[in-house]
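Q: Supplied in structure tokens, the structure appears directly below.
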Amino acid sequence: MNKLRVGIVGLGIMGKAAGNVLKRNPHVEIVGGADPNLAKRKETFDELEIQHRYESYEEMFEKAGLDAVFIATPDWAHHAAVVRALLAGIHVNVEKPMTTDLNEAADIVKVVRETGLKLQVSYNHRWLSPYNATWKMIRAGEIGQPLMAYARKNNPIFVPTEMLPWAGRSSPAWFLSSHDIDLICWWFDADPVEAHGYGMKRVLVKRGIDTYDMIQGQVKFSNGAFATFEASWIYPNTHPAMPDSFMEVIGEKGHIHLDRKTEAIEMSTEEKFKWPRTLLNFQVFDKWVGAFPSAVDSFVDAVREDREPYVTAYDGWRATAVLATLHKAVETGNIEKVPTPPVWK
Ligand SMILES: NC(=O)c1ccc[n+]([C@@H]2O[C@H](COP(=O)([O-])OP(=O)(O)OC[C@H]3O[C@@H](n4cnc5c(N)ncnc54)[C@H](O)[C@@H]3O)[C@@H](O)[C@H]2O)c1
């Protein structure tokens, strides 16, 4: 089989990370990249040895002859690029959350179904061995039916203030809890039906970023199980974790705790104390390893093997449905119903 001709849209942090994995995949040729800020991203294009550089993904989709594309634009800028790619006959891997708008998410699922193309959402935590083991243990009935879950992901404040120039158009829940919501929906294997929660806008607003400092919400599922999700973007920058991440599932017959806060490694120098991140994406000798590279390679396999990706467009819709409902509930102060999926489920 010929190499898969792949393009990347958005050459920021995640587009570069995907490129570094794709570059080492023997079944892939990176044939192009698109980013409106070509000058700022020159180093990344050079590092990934991408010859064909475009300011617009529309032009790349038209000219580059792509089989598949990795879309890593900011949270709110996924839908247009995804739909454009699918309509051009290109398989898509899109960063999480699939979209921050429920109508856009439904539209993407519709176009995926109409075109018959592959779409994977980068909920790469499903490839992290402890989270994947949790799924297997729950499916094997080891803790009985899961009844309650708790998930926390908190970041130091440099993430919204320095790392993500578009933080004001997202939120800690869209950025962080999206992973946890995907995991819990996957583990529970039940439909989310209602959500309520609280959010606070105080610290980031004062720094000119109009989004929540933190959101805490509860989601109820069709089988009566419930889960709490919390995410904050305002830990002090002295905090050594990125993110401080903890998850718990309690079932009829047992429990599971997943503590990713320290990532099993601690270091200190005279200047800093750190828990360096290695589990999600880390270069070991000549290869990138961890959940993120596994997810990237798995999408390539799904296209080559003509099989369903392990995280589907429907999964992307479901996490967006929960998050859109939770944000609405935070605004109204009411318990809000999670919409039922359109007929394509
Ligand atoms: N899967 C994960 O674990 C994970 C981790 C972090 C971020 N993300 C997600 O990845 C996405 C990208 O995040 P990031 O940290 O790389 O952001 P970033 O700001 O570093 O990069 C975004 C890039 O997209 C480019 N861009 C903006 N509009 C574009 C357009 N119309 N066409 C082409 N390029 C465009 C920007 O110029 C920038 O280079 C977000 O949705 C984010 O939530 C996922």
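Residues in the structure tokens are named by chain (A, B, ... in the order shown) and by number from 1 within that chain; ligands are numbered from 1 in the order shown.
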Got a sec to tell me which of region 147-332 of chain A DSSP assigns to strand (DSSP E), as a PyMOL selection string?
A: chain A and resi 147-156+192-200+214-221+226-235+244-251+255-259+267-268+273-274+282-284+287-289
Q: Export C-alpha atoms of the chosen residues as a compact mmCIF listing (two decimals), in the first residue's frame?
A:
# COMPACT_ATOMS: atom_id res chain seq x y z
CA LEU A 147 -22.33 4.22 40.15
CA MET A 148 -20.35 7.37 40.86
CA ALA A 149 -17.26 9.09 39.49
CA TYR A 150 -15.16 12.14 40.28
CA ALA A 151 -12.65 13.79 37.96
CA ARG A 152 -10.38 16.79 38.56
CA LYS A 153 -7.98 18.51 36.21
CA ASN A 154 -6.42 21.81 37.27
CA ASN A 155 -3.75 23.83 35.49
CA PRO A 156 -1.37 26.59 36.59
CA PRO A 192 -25.53 11.45 29.89
CA VAL A 193 -29.01 12.90 30.56
CA GLU A 194 -28.71 16.02 32.72
CA ALA A 195 -26.13 18.45 34.11
CA HIS A 196 -25.87 21.25 36.61
CA GLY A 197 -22.93 23.17 38.01
CA TYR A 198 -21.20 26.32 39.15
CA GLY A 199 -18.53 28.50 37.62
CA MET A 200 -16.51 31.50 38.78
CA MET A 214 -13.04 27.22 37.38
CA ILE A 215 -16.12 25.12 36.69
CA GLN A 216 -17.49 22.30 38.80
CA GLY A 217 -20.41 20.30 37.45
CA GLN A 218 -22.38 17.15 38.02
CA VAL A 219 -23.72 14.95 35.27
CA LYS A 220 -26.39 12.26 35.67
CA PHE A 221 -26.54 9.23 33.36
CA PHE A 226 -23.58 10.31 38.34
CA ALA A 227 -20.21 12.04 38.04
CA THR A 228 -18.58 15.26 39.22
CA PHE A 229 -16.19 17.09 36.90
CA GLU A 230 -14.03 19.99 37.99
CA ALA A 231 -11.43 22.04 36.18
CA SER A 232 -9.52 25.17 37.13
CA TRP A 233 -7.08 27.38 35.27
CA ILE A 234 -5.78 29.46 38.17
CA TYR A 235 -3.37 27.37 40.23
CA ASP A 244 -3.11 18.18 38.71
CA SER A 245 -5.21 15.20 37.63
CA PHE A 246 -7.19 12.73 39.74
CA MET A 247 -10.06 10.37 38.88
CA GLU A 248 -12.20 8.00 40.92
CA VAL A 249 -14.87 5.48 40.00
CA ILE A 250 -16.96 3.70 42.62
CA GLY A 251 -18.99 0.69 41.54
CA HIS A 255 -13.49 1.24 43.31
CA ILE A 256 -10.67 2.53 41.11
CA HIS A 257 -8.47 5.58 41.77
CA LEU A 258 -6.24 7.13 39.12
CA ASP A 259 -3.74 9.64 40.43
CA MET A 267 12.63 16.42 40.83
CA SER A 268 13.93 19.53 42.54
CA PHE A 273 10.29 21.66 42.31
CA LYS A 274 8.65 19.66 39.53
CA PHE A 282 7.59 11.98 25.57
CA GLN A 283 10.58 11.40 23.31
CA VAL A 284 12.36 8.16 24.19
CA LYS A 287 10.60 7.76 19.02
CA TRP A 288 7.76 9.65 20.71
CA VAL A 289 5.88 7.43 23.15
Q: Compile the contact shell of region 122-128 of chain A as a PDB file with N, CA and C atoms, in the first residue's frame: residues with an atom at most 9 Å away, counting only C-alpha atoms, same-chain residues fewer than 6 positions apart removed.
A:
ATOM      1  N   ASN A  93      -8.463  13.577  11.483  1.00  0.00           N
ATOM      2  CA  ASN A  93      -8.254  13.476  12.929  1.00  0.00           C
ATOM      3  C   ASN A  93      -8.335  14.903  13.476  1.00  0.00           C
ATOM      4  N   VAL A  94      -9.280  15.132  14.398  1.00  0.00           N
ATOM      5  CA  VAL A  94      -9.440  16.488  14.923  1.00  0.00           C
ATOM      6  C   VAL A  94      -9.126  16.500  16.414  1.00  0.00           C
ATOM      7  N   GLU A  95      -8.480  17.581  16.831  1.00  0.00           N
ATOM      8  CA  GLU A  95      -8.166  17.718  18.258  1.00  0.00           C
ATOM      9  C   GLU A  95      -9.454  17.810  19.086  1.00  0.00           C
ATOM     10  N   LYS A  96      -9.319  17.530  20.366  1.00  0.00           N
ATOM     11  CA  LYS A  96     -10.455  17.658  21.273  1.00  0.00           C
ATOM     12  C   LYS A  96     -10.555  19.096  21.757  1.00  0.00           C
ATOM     13  N   PRO A  97     -11.721  19.588  22.192  1.00  0.00           N
ATOM     14  CA  PRO A  97     -13.040  19.005  21.972  1.00  0.00           C
ATOM     15  C   PRO A  97     -13.400  19.095  20.486  1.00  0.00           C
ATOM     16  N   MET A  98     -14.232  18.145  19.987  1.00  0.00           N
ATOM     17  CA  MET A  98     -14.491  18.131  18.542  1.00  0.00           C
ATOM     18  C   MET A  98     -14.972  19.505  18.079  1.00  0.00           C
ATOM     19  N   TRP A 135     -11.091   0.875  31.842  1.00  0.00           N
ATOM     20  CA  TRP A 135     -12.169   0.478  30.911  1.00  0.00           C
ATOM     21  C   TRP A 135     -12.302  -1.051  30.881  1.00  0.00           C
ATOM     22  N   SER A 178     -12.978  18.028  29.172  1.00  0.00           N
ATOM     23  CA  SER A 178     -13.407  17.276  27.982  1.00  0.00           C
ATOM     24  C   SER A 178     -12.801  15.877  27.982  1.00  0.00           C
ATOM     25  N   HIS A 179     -11.524  15.762  28.338  1.00  0.00           N
ATOM     26  CA  HIS A 179     -10.897  14.425  28.412  1.00  0.00           C
ATOM     27  C   HIS A 179     -11.630  13.552  29.427  1.00  0.00           C
ATOM     28  N   ASP A 180     -11.884  14.107  30.617  1.00  0.00           N
ATOM     29  CA  ASP A 180     -12.505  13.315  31.695  1.00  0.00           C
ATOM     30  C   ASP A 180     -13.925  12.902  31.322  1.00  0.00           C
ATOM     31  N   ASP A 182     -15.105  12.454  28.300  1.00  0.00           N
ATOM     32  CA  ASP A 182     -15.033  11.352  27.328  1.00  0.00           C
ATOM     33  C   ASP A 182     -14.734  10.026  28.044  1.00  0.00           C
ATOM     34  N   LEU A 183     -13.785  10.062  28.982  1.00  0.00           N
ATOM     35  CA  LEU A 183     -13.415   8.811  29.680  1.00  0.00           C
ATOM     36  C   LEU A 183     -14.591   8.234  30.461  1.00  0.00           C
ATOM     37  N   TRP A 186     -17.308   6.805  28.340  1.00  0.00           N
ATOM     38  CA  TRP A 186     -16.797   5.542  27.759  1.00  0.00           C
ATOM     39  C   TRP A 186     -16.834   4.439  28.816  1.00  0.00           C
ATOM     40  N   LEU A 279       4.056  10.925  30.626  1.00  0.00           N
ATOM     41  CA  LEU A 279       3.147   9.827  30.287  1.00  0.00           C
ATOM     42  C   LEU A 279       2.361  10.034  28.986  1.00  0.00           C
ATOM     43  N   LEU A 280       2.048  11.276  28.665  1.00  0.00           N
ATOM     44  CA  LEU A 280       1.178  11.487  27.507  1.00  0.00           C
ATOM     45  C   LEU A 280       1.960  11.586  26.201  1.00  0.00           C
ATOM     46  N   GLY A 290       3.831   7.262  24.399  1.00  0.00           N
ATOM     47  CA  GLY A 290       2.784   7.725  25.312  1.00  0.00           C
ATOM     48  C   GLY A 290       1.427   7.700  24.636  1.00  0.00           C
ATOM     49  N   ALA A 291       0.422   8.177  25.367  1.00  0.00           N
ATOM     50  CA  ALA A 291      -0.947   8.091  24.880  1.00  0.00           C
ATOM     51  C   ALA A 291      -1.144   8.883  23.586  1.00  0.00           C
ATOM     52  N   PHE A 292      -0.546  10.064  23.505  1.00  0.00           N
ATOM     53  CA  PHE A 292      -0.772  10.910  22.322  1.00  0.00           C
ATOM     54  C   PHE A 292      -0.227  10.260  21.042  1.00  0.00           C
ATOM     55  N   PRO A 293       1.063   9.838  21.026  1.00  0.00           N
ATOM     56  CA  PRO A 293       1.555   9.177  19.810  1.00  0.00           C
ATOM     57  C   PRO A 293       0.764   7.915  19.470  1.00  0.00           C
ATOM     58  N   SER A 294       0.339   7.167  20.499  1.00  0.00           N
ATOM     59  CA  SER A 294      -0.448   5.953  20.221  1.00  0.00           C
ATOM     60  C   SER A 294      -1.736   6.311  19.510  1.00  0.00           C
ATOM     61  N   ALA A 295      -2.375   7.400  19.946  1.00  0.00           N
ATOM     62  CA  ALA A 295      -3.636   7.814  19.322  1.00  0.00           C
ATOM     63  C   ALA A 295      -3.406   8.272  17.884  1.00  0.00           C
ATOM     64  N   VAL A 296      -2.324   9.009  17.661  1.00  0.00           N
ATOM     65  CA  VAL A 296      -2.016   9.480  16.300  1.00  0.00           C
ATOM     66  C   VAL A 296      -1.805   8.281  15.373  1.00  0.00           C
ATOM     67  N   TYR A 310     -11.021   4.352  17.204  1.00  0.00           N
ATOM     68  CA  TYR A 310     -11.433   3.993  18.566  1.00  0.00           C
ATOM     69  C   TYR A 310     -12.157   5.147  19.281  1.00  0.00           C
ATOM     70  N   VAL A 311     -12.013   6.362  18.793  1.00  0.00           N
ATOM     71  CA  VAL A 311     -12.848   7.470  19.286  1.00  0.00           C
ATOM     72  C   VAL A 311     -13.563   8.044  18.063  1.00  0.00           C
ATOM     73  N   GLY A 316     -17.251  12.306  19.989  1.00  0.00           N
ATOM     74  CA  GLY A 316     -16.963  13.752  20.011  1.00  0.00           C
ATOM     75  C   GLY A 316     -18.221  14.548  20.260  1.00  0.00           C
TER      76      GLY A 316
END
Q: Find the residues around Val9 (chain A) up to 8 Å (only C-alpha atoms counted), leave out those fewer than 4 positions away in its own chain, and share them as a ChimeraX atom specification.
A: /A:15,33-35,57,69-73
Q: Compare A:Pro130, A:Gly89, A:Pro236, A:Pro165 by their minimum atom-to-atom distance to ligand 1, counting only C-alpha atoms and all ligand atoms, and give me the closest one.
A: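 Nearest to ligand 1: A:Pro165.
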Q: When you look at Glu104 (chain A) with a cut-off of 10 Å (counting only C-alpha atoms), what residues show up, excluding the ones that are within fewer than 4 positions of it in the same chain? I need them as a list in words.
A: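 So, after excluding close chain neighbours, the residues are His78, His79, Ala80, Val83, Met98, Thr99, Thr100, Ile108, Val109, Lys110, Trp317 and Thr320 of chain A.
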Q: Using C-alpha atoms, can you export the residues from the last selection as an mmCIF file, in the first residue's frame?
A:
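Saved file out.cif follows:
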data_model
loop_
_atom_site.group_PDB
_atom_site.id
_atom_site.type_symbol
_atom_site.label_atom_id
_atom_site.label_comp_id
_atom_site.auth_asym_id
_atom_site.auth_seq_id
_atom_site.Cartn_x
_atom_site.Cartn_y
_atom_site.Cartn_z
ATOM 1 C CA HIS A 78 -12.414 22.998 14.323
ATOM 2 C CA HIS A 79 -15.791 22.704 12.556
ATOM 3 C CA ALA A 80 -15.141 24.648 9.346
ATOM 4 C CA VAL A 83 -16.261 19.778 7.222
ATOM 5 C CA MET A 98 -14.491 18.131 18.542
ATOM 6 C CA THR A 99 -16.308 21.496 18.635
ATOM 7 C CA THR A 100 -17.516 23.924 21.294
ATOM 8 C CA ILE A 108 -19.789 16.924 11.666
ATOM 9 C CA VAL A 109 -21.349 13.557 12.572
ATOM 10 C CA LYS A 110 -23.819 13.990 9.698
ATOM 11 C CA TRP A 317 -20.607 14.836 19.786
ATOM 12 C CA THR A 320 -19.552 18.349 23.355
#
Q: Of the candidates A:Asn37, A:Asn237, A:Thr262, A:Thr325, which one gets nearest to ligand 1 if we count only C-alpha atoms and all ligand atoms?
A: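 Distance minimum relative to ligand 1 lands on A:Asn37.
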Q: CA of Asp297 (chain A) and atom 39 (O, counted along the ligand's line) of ligand 1, how far apart in Å?
A: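 Taking atom 39 (O, counted along the ligand's line) of ligand 1 as the start and CA of Asp297 (chain A) as the end point, the length is 21.9 Å.
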Q: Got a sec to tell me which of region 79-213 of chain A DSSP assigns to alpha helix (DSSP H), as a PyMOL selection string?
A: chain A and resi 79-87+102-115+129-139+158+172+178-188+203-206
Q: Could the residues in this selection be written to a file with C-alpha atoms, as a short mmCIF file (atom, residue, chain, number, x, y, z; two decimals), in the first residue's frame?
A:
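Output below, filename selection06.cif:
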data_model
loop_
_atom_site.label_atom_id
_atom_site.label_comp_id
_atom_site.auth_asym_id
_atom_site.auth_seq_id
_atom_site.Cartn_x
_atom_site.Cartn_y
_atom_site.Cartn_z
CA HIS A 79 -15.79 22.70 12.56
CA ALA A 80 -15.14 24.65 9.35
CA ALA A 81 -11.83 22.90 8.67
CA VAL A 82 -13.23 19.45 9.51
CA VAL A 83 -16.26 19.78 7.22
CA ARG A 84 -14.20 21.30 4.41
CA ALA A 85 -11.75 18.37 4.62
CA LEU A 86 -14.48 15.71 4.65
CA LEU A 87 -16.24 17.30 1.68
CA LEU A 102 -23.51 21.41 19.60
CA ASN A 103 -24.98 22.21 16.17
CA GLU A 104 -21.49 22.14 14.70
CA ALA A 105 -20.84 18.78 16.38
CA ALA A 106 -24.08 17.33 14.99
CA ASP A 107 -23.17 18.65 11.54
CA ILE A 108 -19.79 16.92 11.67
CA VAL A 109 -21.35 13.56 12.57
CA LYS A 110 -23.82 13.99 9.70
CA VAL A 111 -21.06 14.73 7.17
CA VAL A 112 -18.94 11.81 8.45
CA ARG A 113 -21.90 9.50 7.90
CA GLU A 114 -22.73 10.91 4.48
CA THR A 115 -19.15 10.72 3.20
CA SER A 129 -2.58 2.36 30.01
CA PRO A 130 -4.18 3.06 33.45
CA TYR A 131 -7.27 4.62 31.82
CA ASN A 132 -7.48 1.82 29.28
CA ALA A 133 -7.05 -0.75 32.10
CA THR A 134 -9.92 0.93 33.95
CA TRP A 135 -12.17 0.48 30.91
CA LYS A 136 -11.19 -3.21 30.70
CA MET A 137 -11.74 -3.83 34.45
CA ILE A 138 -15.15 -2.16 34.34
CA ARG A 139 -16.18 -4.10 31.21
CA PHE A 158 0.26 30.32 32.76
CA PRO A 172 -11.06 25.15 31.72
CA SER A 178 -13.41 17.28 27.98
CA HIS A 179 -10.90 14.43 28.41
CA ASP A 180 -12.50 13.31 31.70
CA ILE A 181 -16.03 13.51 30.28
CA ASP A 182 -15.03 11.35 27.33
CA LEU A 183 -13.42 8.81 29.68
CA ILE A 184 -16.36 8.59 32.07
CA CYS A 185 -18.95 8.31 29.27
CA TRP A 186 -16.80 5.54 27.76
CA TRP A 187 -16.35 3.74 31.09
CA PHE A 188 -20.00 4.09 32.17
CA VAL A 203 -9.21 36.17 38.39
CA LEU A 204 -8.83 35.69 34.61
CA VAL A 205 -11.37 38.39 33.80
CA LYS A 206 -9.22 40.89 35.71
#
Q: Counting only C-alpha atoms and all ligand atoms, which of A:Glu271, A:Asp210, A:Glu162, A:Glu47 gets nearest to ligand 1?
A: A:Glu162
Q: What does the distance between CA of Pro276 (chain A) and atom 26 (N, counted along the ligand's line) of ligand 1 come to in Å, to one decimal place?
A: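 Separation of CA of Pro276 (chain A) and atom 26 (N, counted along the ligand's line) of ligand 1: 27.6 Å.
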Q: Applying 7 Å and only C-alpha atoms, which residues near Arg5 (chain A) remain after dropping the ones on its own chain fewer than 5 positions away? List them as a list in words.
A: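 Contacts, in chain order: Val28, Glu29, Ile30, Val31, Leu66, Asp67 and Ala68 of chain A.
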Q: Using Å and a single decimal, report how far CA of Pro339 (chain A) sits from atom 41 (O, counted along the ligand's line) of ligand 1.
A: 22.7 Å
Q: Using only C-alpha atoms and all ligand atoms, can you tell me which of A:Met163, A:Met14, A:Ala225, A:Ala140 comes closest to ligand 1?
A: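 Smallest distance to ligand 1 is found for A:Met14.
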Q: Show which residues sit within 10 Å of Pro341 (chain A), as a list of chain:residue names. Count only C-alpha atoms, and ignore same-chain residues fewer than 2 positions away.
A: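 Listed by chain and then number, they are A:Ala106, A:Asp191, A:Tyr314, A:Trp317, A:Arg318, A:Ala321, A:Val338, A:Pro339, A:Val343, A:Trp344, A:Lys345.
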Q: Using only C-alpha atoms and all ligand atoms for the distances, tell me which of A:Glu43, A:Asp75, A:Glu308, A:Glu266 is nearest to ligand 1.
A: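 Result for the nearest residue to ligand 1: A:Asp75.
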